[in-house]
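Novice: Attaching a single structure in structure tokens format; questions to follow.
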Amino acid sequence: MPSPPGSAAAVSASAPPGRAYANGRAEQPWPGRRLPLGARYDGAGTNFALWAGGAEAVELCLFEDAPDGSLRETRLPLADQTFHVWHGYVPGVGPGQRYGFRVHGPWEPWRGARWNPAKLLLDPYARAVDGLFVLDDAVYGHTRGGPDDIADPRDSAPFVPKSVVVHEDSDWSDDRRPKIPWAETVIYEMHVKGFTARHPGIPEHLRGTYAGLAHPAAIDHLVRLGVTAVELLPVHQFVSEEHLLRAHGSNYWGYNSIGYFAPHAGYSASGGRGGQVHEFRHMVHALHEAGIEVILDVVYNHTGEGGPGGPTLCFRGIDNAGYYRLRDGGRNYTDYTGCGNTLNVVQPQVLQLITDSLRYWVTEMGVDGFRFDLAAALARSMHDVDKLSSFLTVIGQDPVLSRVKLIAEPWDIGEGGYQVGEFPPLWTEWNDKYRDTVRDFWRGARPDVRDLAYRLSGSSDLYQDDGRHPYASINFVTAHDGFTLRDLASYERKHNEANGEDNRDGTNDNRSWNCGYEGETTDPAVNLLRRRQLRNMVTTLLLSTGVPMLVAGDEMGRTQRGNNNAYCQDNEISWMDWSALDDPQWRPLLDLTSRLIRLRRSHPVLCRRAFFSGRPSFPDGLRDLAWFTPTGREMTEKDWFSPTATLGMYLSGLDIRQRGPRGERIMDDSFLLILHASSQPMRFMLPGEPWAHSYEIVLDTALDTDPMARFNEPVPGGTALTLTGRSAMLLRVEHAVWAPT
């Protein structure tokens with residue numbers, strides 16, 4: 001079919017493939033090599049290799065600063081092609097060189113072909129990206145305001161970021177990865193900029209950057225808190241969506257990736273010409289030295305190019321039909337993500353891009369694991385989510401990736417996309433069932449007590465039948481998406497007006513309770529109750545079996561003023577307020593969180609690697625897990641089918657099924673955790689013999705200033721304790737009569 005008027009073929013006719021301009025004469029790169037993909041500097045020059053299946057020609061574009069302040073472009077044809085990889089070697093080109101590609105081919109969007117050489121494209125394998133994405137009609141492959149059958153002939157180079165050649169000289173010989181076992185892991189979800197932007201101990205020029213996170217003032221807080229891993233919101237190079245840029249906003253969270261090998265330049269204090277790579281590596285090294293692992297939140301399910309009306313920045317202009325899942329004959333995009341497109345992981349080259357990217361971040365950048373945004377979209381075969389999909393199979397057998405921490409957000413928005421509990425071994429999952437159940441319990445909704453027991457004990461109903469372990473459950477009450485912990489106890493409705501979408505964005509299913517007043521208040525009784533609710537939820541999270549995940553700032557009462565979708569709020573709404581460290585209202589919450597983490601990490605009974613059996617593990621034991629009613633008796637079948645606001649959970653430290661590294665028996669203290677969500681006080685009879693002779697109260701969330709104050713006298717078994725309304729209590733078993741001598 002001939003190309004329609006205004007197509008890319010017609011545009012390229014005035015600039016034939018192969019014609020280049022450098023000092024007024026045509027030049028030709030050496031043939032070079034097809035692998036490795038991307039730009040690879042060898043000390044004398046750089047090899048460039050780009051997979052562009054179906055393309056008719058590829059030009060390498062080199063950029064230099066002109067005397068008048070503009071960018072001067074030199075176009076060099078990549079005349080050699082091997083297995084759809086266009087490649088060439090350019091002597092004298094080295095680190096810091098900005099470059100891009102122009103890819104030639106037909107503009108036939110009705111069949112998925114969207115080549116337009118007027119659009120400068122990022123290298124999918126670029127190690128660094130420099131420059132901003134500027135919203136201009138020239139960044140779109142088609143003519144704006146009309147049908148997409150017409151290609152736009154305007155040059156996009158002045159308005160799009162450029163790829164950068166980087167000297168890959170990483171040396172990790174002195175790096176010591178913490179290698180924290182999953183069962184002992186405590187995750188801290190955080191934003192590089194938001195965590196450091198207002199920290200008074202970090203020099204101003206480093207705030208909001210990788211270097212700021214590597215600063216001792218930032219790391220000291222993490223160490224004092226006791227977390228073992230930071231989970232960074234996306235740090236791949238990303239762009240902001242059109243509607244945000246038109247409103248003079250930005251995508252703060254970063255879930256709009258455009259460069260899967262490049263650390264986002266906006267978080268760099270070292271500039272965008274390759275310094276961000278070395279700065280990121282230094283940050284990882286500093287965190288490792290402090291015993292903290294680095295997990296990246298990665299977005300391989302979609303890209304920042306959006307739907308058919310989005311800009312042409314990279315993948316769309318290289319091979320649209322190869323990189324994306326298409327429908328309607330190729331004109332439109334299959335969208336399992338709600339972001340306009342879905343990467344076509346079934347395509348071998350796309351799968352290679354993802355796995356190459358993952359291995360790069362592990363081997364060259366030092367990271368310890370990944371949390372996969374909308375992971376169900378990656379696990380789809382042709383349509384359905386498939387546990388035998390190419391993506392899951394490749395990850396499972398890869399000698400590098402199978403050894404790092406793998407976390408799935410186990411859903412997408414497509415049909416059959418909710419897959420909690422369905423990912424294969426090696427994978428852990430964000431457990432939103434845990435989130436919803438714990439929120440419901442503490443707001444007084446009285447969820448099914450069986451469901452609550454499953455969540456507290458590791459969610460065996462979700463993860464045990466396929467050979468996984470309790471740490472497959474990433475337990476969380478809050479995440480970046482939704483209310484903060486403080487807002488859970490302060491708001492029942494979202495307040496997202498600042499997002500500019502008339503409060504339509506964000507979920508309405510918050511499962512929150514405002515303690516009787518919507519928003520901030522000076523009422524001391526309401527604020528007292530709210531602080532107790534925060535202590536209750538932190539206590540529940542950190543004493544549940546599984547892997548707890550905290551959100552940065554929740555330990556200090558951070559608020560987003562009721563905004564439950566602050567993805568575009570790059571300001572004080574989202575940034576950490578470090579003044580809370582000196583606020584007597586919130587400092588006790590930080591101290592409680594830190595002490596609970598230390599308690600958890602020092603007791604194997606709280607960091608179980610195997611599911612409970614409900615039976616004795618040794619002849620001198622009772623049961624590894626038992627449940628009690630307020631009357632002090634074990635729960636019966638009838639009790640499990642009756643709503644309750646009070647539950648006792650007994651964890652036996654003498655019945656831990658896991659063994660030590662030399663096969664030795666692991667013994668620990670036993671604990672009784674009591675959760676009481678009713679607003680009224682409750683008498684709870686402590687189980688006596690054979691469960692315990694007496695108890696030591698370790699924690700009582702009813703105490704506002706010091707919930708873990710030492711209690712002088714042991715409490716005999718069989719004693720009835722009075723629980724304050726909406727409170728939790730942890731007791732250590734003393735002198736159990738069945739303890740071995």
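Identifiers in the structure tokens: chain A, B, ... in order shown; residue index from 1 per chain; ligand index from 1 in order shown.
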Taking the backbone alone, and naming residues the way the document does, which bits of range 127-186 of chain A are strand (DSSP E or B) by DSSP, as a PyMOL selection string?

Specialist: chain A and resi 128-130+142+151+162-164

Novice: Convert the current residue selection to file output with N, CA, C and O atoms, as a PDB file, in the first residue's frame.

Specialist:
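Result file follows (again_28.pdb):
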ATOM      1  N   ALA A 128      22.181   6.475  30.830  1.00  0.00           N
ATOM      2  CA  ALA A 128      21.882   7.780  31.417  1.00  0.00           C
ATOM      3  C   ALA A 128      21.083   8.587  30.419  1.00  0.00           C
ATOM      4  O   ALA A 128      21.186   8.382  29.204  1.00  0.00           O
ATOM      5  N   VAL A 129      20.273   9.506  30.926  1.00  0.00           N
ATOM      6  CA  VAL A 129      19.435  10.374  30.094  1.00  0.00           C
ATOM      7  C   VAL A 129      19.634  11.803  30.571  1.00  0.00           C
ATOM      8  O   VAL A 129      19.649  12.080  31.779  1.00  0.00           O
ATOM      9  N   ASP A 130      19.764  12.719  29.610  1.00  0.00           N
ATOM     10  CA  ASP A 130      20.006  14.122  29.924  1.00  0.00           C
ATOM     11  C   ASP A 130      18.946  14.991  29.261  1.00  0.00           C
ATOM     12  O   ASP A 130      18.540  14.729  28.120  1.00  0.00           O
ATOM     13  N   HIS A 142       2.129  11.990  15.179  1.00  0.00           N
ATOM     14  CA  HIS A 142       1.073  12.346  14.245  1.00  0.00           C
ATOM     15  C   HIS A 142       0.700  13.819  14.419  1.00  0.00           C
ATOM     16  O   HIS A 142       1.060  14.454  15.414  1.00  0.00           O
ATOM     17  N   ALA A 151       1.330  11.826   9.534  1.00  0.00           N
ATOM     18  CA  ALA A 151       2.528  11.953  10.354  1.00  0.00           C
ATOM     19  C   ALA A 151       2.926  13.417  10.468  1.00  0.00           C
ATOM     20  O   ALA A 151       2.784  14.191   9.524  1.00  0.00           O
ATOM     21  N   LYS A 162      17.859  13.396  25.808  1.00  0.00           N
ATOM     22  CA  LYS A 162      18.840  12.689  24.990  1.00  0.00           C
ATOM     23  C   LYS A 162      19.469  11.564  25.807  1.00  0.00           C
ATOM     24  O   LYS A 162      19.652  11.682  27.029  1.00  0.00           O
ATOM     25  N   SER A 163      19.843  10.492  25.126  1.00  0.00           N
ATOM     26  CA  SER A 163      20.616   9.427  25.753  1.00  0.00           C
ATOM     27  C   SER A 163      22.055   9.891  25.935  1.00  0.00           C
ATOM     28  O   SER A 163      22.530  10.781  25.226  1.00  0.00           O
ATOM     29  N   VAL A 164      22.754   9.290  26.880  1.00  0.00           N
ATOM     30  CA  VAL A 164      24.128   9.685  27.189  1.00  0.00           C
ATOM     31  C   VAL A 164      25.015   8.450  27.248  1.00  0.00           C
ATOM     32  O   VAL A 164      24.652   7.437  27.872  1.00  0.00           O
TER      33      VAL A 164
END

Novice: Considering only C-alpha atoms, return as a ChimeraX atom specification whatever protein or nucleic-acid residues lie within 6 Å of Thr545 in chain A, sequence-local ones (same chain, fewer than 2 positions apart) excluded.

Specialist: /A:456-458

Novice: Print the selection's residues with N, CA, C and O atoms to a file, as a PDB file, in the first residue's frame.

Specialist:
ATOM      1  N   LEU A 456      -2.941 -12.514  60.496  1.00  0.00           N
ATOM      2  CA  LEU A 456      -1.980 -12.366  61.585  1.00  0.00           C
ATOM      3  C   LEU A 456      -0.925 -13.465  61.573  1.00  0.00           C
ATOM      4  O   LEU A 456       0.212 -13.255  62.008  1.00  0.00           O
ATOM      5  N   SER A 457      -1.272 -14.628  61.064  1.00  0.00           N
ATOM      6  CA  SER A 457      -0.389 -15.797  61.154  1.00  0.00           C
ATOM      7  C   SER A 457       0.314 -16.135  59.849  1.00  0.00           C
ATOM      8  O   SER A 457       0.844 -17.235  59.694  1.00  0.00           O
ATOM      9  N   GLY A 458       0.330 -15.212  58.882  1.00  0.00           N
ATOM     10  CA  GLY A 458       1.123 -15.436  57.675  1.00  0.00           C
ATOM     11  C   GLY A 458       0.350 -15.753  56.417  1.00  0.00           C
ATOM     12  O   GLY A 458       0.952 -16.039  55.385  1.00  0.00           O
TER      13      GLY A 458
END

Novice: Let me make sure I understand: among A:Glu422, A:Gly274, A:Leu206, A:Asp169, which one has the smallest atom-to-atom distance to Thr363 in chain A if we use only C-alpha atoms?

Specialist: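 Result for the nearest residue to Thr363 in chain A: A:Asp169.
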
Novice: Do you know which residues are at most 7 Å from Trp411 in chain A counting only C-alpha atoms, after dropping those on the same chain fewer than 5 positions away, and could you put them as a PyMOL selection string?

Specialist: chain A and resi 374-376+417-419

Novice: Neighbouring residues of Asn47 in chain A were defined as those with any atom within 7 Å, considering only C-alpha atoms; residues of the same chain fewer than 2 positions away were excluded. Please report them as a list in words.

Specialist: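 Once the adjacent positions are removed, what remains is Gly32, Arg33, Ala39, Arg40, Tyr41, Gly45, Ala49, Gly88, Tyr89 and Val90 of chain A.
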
Novice: Of the candidates A:Glu518, A:Glu501, A:Glu56, A:Glu637, which one gets nearest to His243 in chain A if we count only C-alpha atoms?

Specialist: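 Among A:Glu518, A:Glu501, A:Glu56, A:Glu637, it is A:Glu501 that comes nearest to His243 in chain A.
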
Novice: So the first atom is CA of Thr719 in chain A and the second is CA of Leu686 in chain A; what is the distance between them in Å, to one decimal place?

Specialist: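 According to the coordinates, CA of Thr719 in chain A and CA of Leu686 in chain A are separated by 5.5 Å.
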
Novice: Counting only C-alpha atoms, what is within 8 Å of Leu313 in chain A, bar same-chain residues fewer than 5 positions away, as a PDB file with C-alpha atoms, in the first residue's frame?

Specialist:
ATOM      1  CA  LYS A 119      11.143  12.225  15.989  1.00  0.00           C
ATOM      2  CA  LEU A 120      14.335  11.790  17.988  1.00  0.00           C
ATOM      3  CA  LEU A 121      14.225   8.589  20.023  1.00  0.00           C
ATOM      4  CA  LEU A 122      15.891   7.539  23.241  1.00  0.00           C
ATOM      5  CA  VAL A 139       6.898  15.470  20.209  1.00  0.00           C
ATOM      6  CA  VAL A 160      12.949  15.604  24.170  1.00  0.00           C
ATOM      7  CA  ILE A 258      10.882   5.778  29.626  1.00  0.00           C
ATOM      8  CA  GLU A 305       4.490   7.038  25.853  1.00  0.00           C
TER       9      GLU A 305
END

Novice: Would you list, as a VMD selection string, the residues of range 70-260 of chain A that end up in alpha helix (DSSP H) under DSSP run on this structure's backbone?

Specialist: chain A and resid 192 to 196 210 to 214 216 to 225 242 to 246

Novice: Neighbours of Pro424 in chain A within 10 Å (only C-alpha atoms; same-chain residues fewer than 3 positions away dropped), as a ChimeraX atom specification?

Specialist: /A:387-388,392-393,396,421,427-428,463,466-468,472

Novice: For the contact check between range 172-259 of chain A and range 552-563 of chain A, emit one row per residue of range 172-259 of chain A within 9 Å, containing the shortest atom pair and the distance in Å rounded to one decimal, counting only C-alpha atoms, chain then rising number order, as a Markdown table.

Specialist:
| residue | atom | partner | partner_atom | distance |
| --- | --- | --- | --- | --- |
| A:Tyr188 | CA | A:Ala552 | CA | 6.3 |
| A:Glu189 | CA | A:Ala552 | CA | 5.9 |
| A:Met190 | CA | A:Ala552 | CA | 5.1 |
| A:His191 | CA | A:Ala552 | CA | 7.9 |
| A:Gly194 | CA | A:Ala552 | CA | 8.9 |
| A:Phe195 | CA | A:Ala552 | CA | 7.2 |
| A:Leu225 | CA | A:Glu555 | CA | 8.7 |

Novice: In Å to one decimal, how far is CA of Arg443 in chain A from CA of Ser512 in chain A?

Specialist: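 About the pair CA of Ser512 in chain A and CA of Arg443 in chain A: they are 6.3 Å apart.
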
Novice: Write out as a list in words each polymer residue whose atoms come within 7 Å of Glu364 in chain A, counting only C-alpha atoms; drop sequence neighbours fewer than 3 positions from it.

Specialist: Ser170, Tyr360 and Trp361 of chain A

Novice: One number please: CA of Arg111 in chain A to CA of Gly329 in chain A, in Å, one decimal.

Specialist: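 Between these atoms lies a distance of 5.6 Å.
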
Novice: My list of candidates is A:Ala211, A:Ile697, A:Leu233, A:Ala677. Which is closest to Glu279 in chain A when distances are computed with only C-alpha atoms?

Specialist: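 When distances to Glu279 in chain A are compared using only C-alpha atoms, the smallest one comes from A:Ala211.
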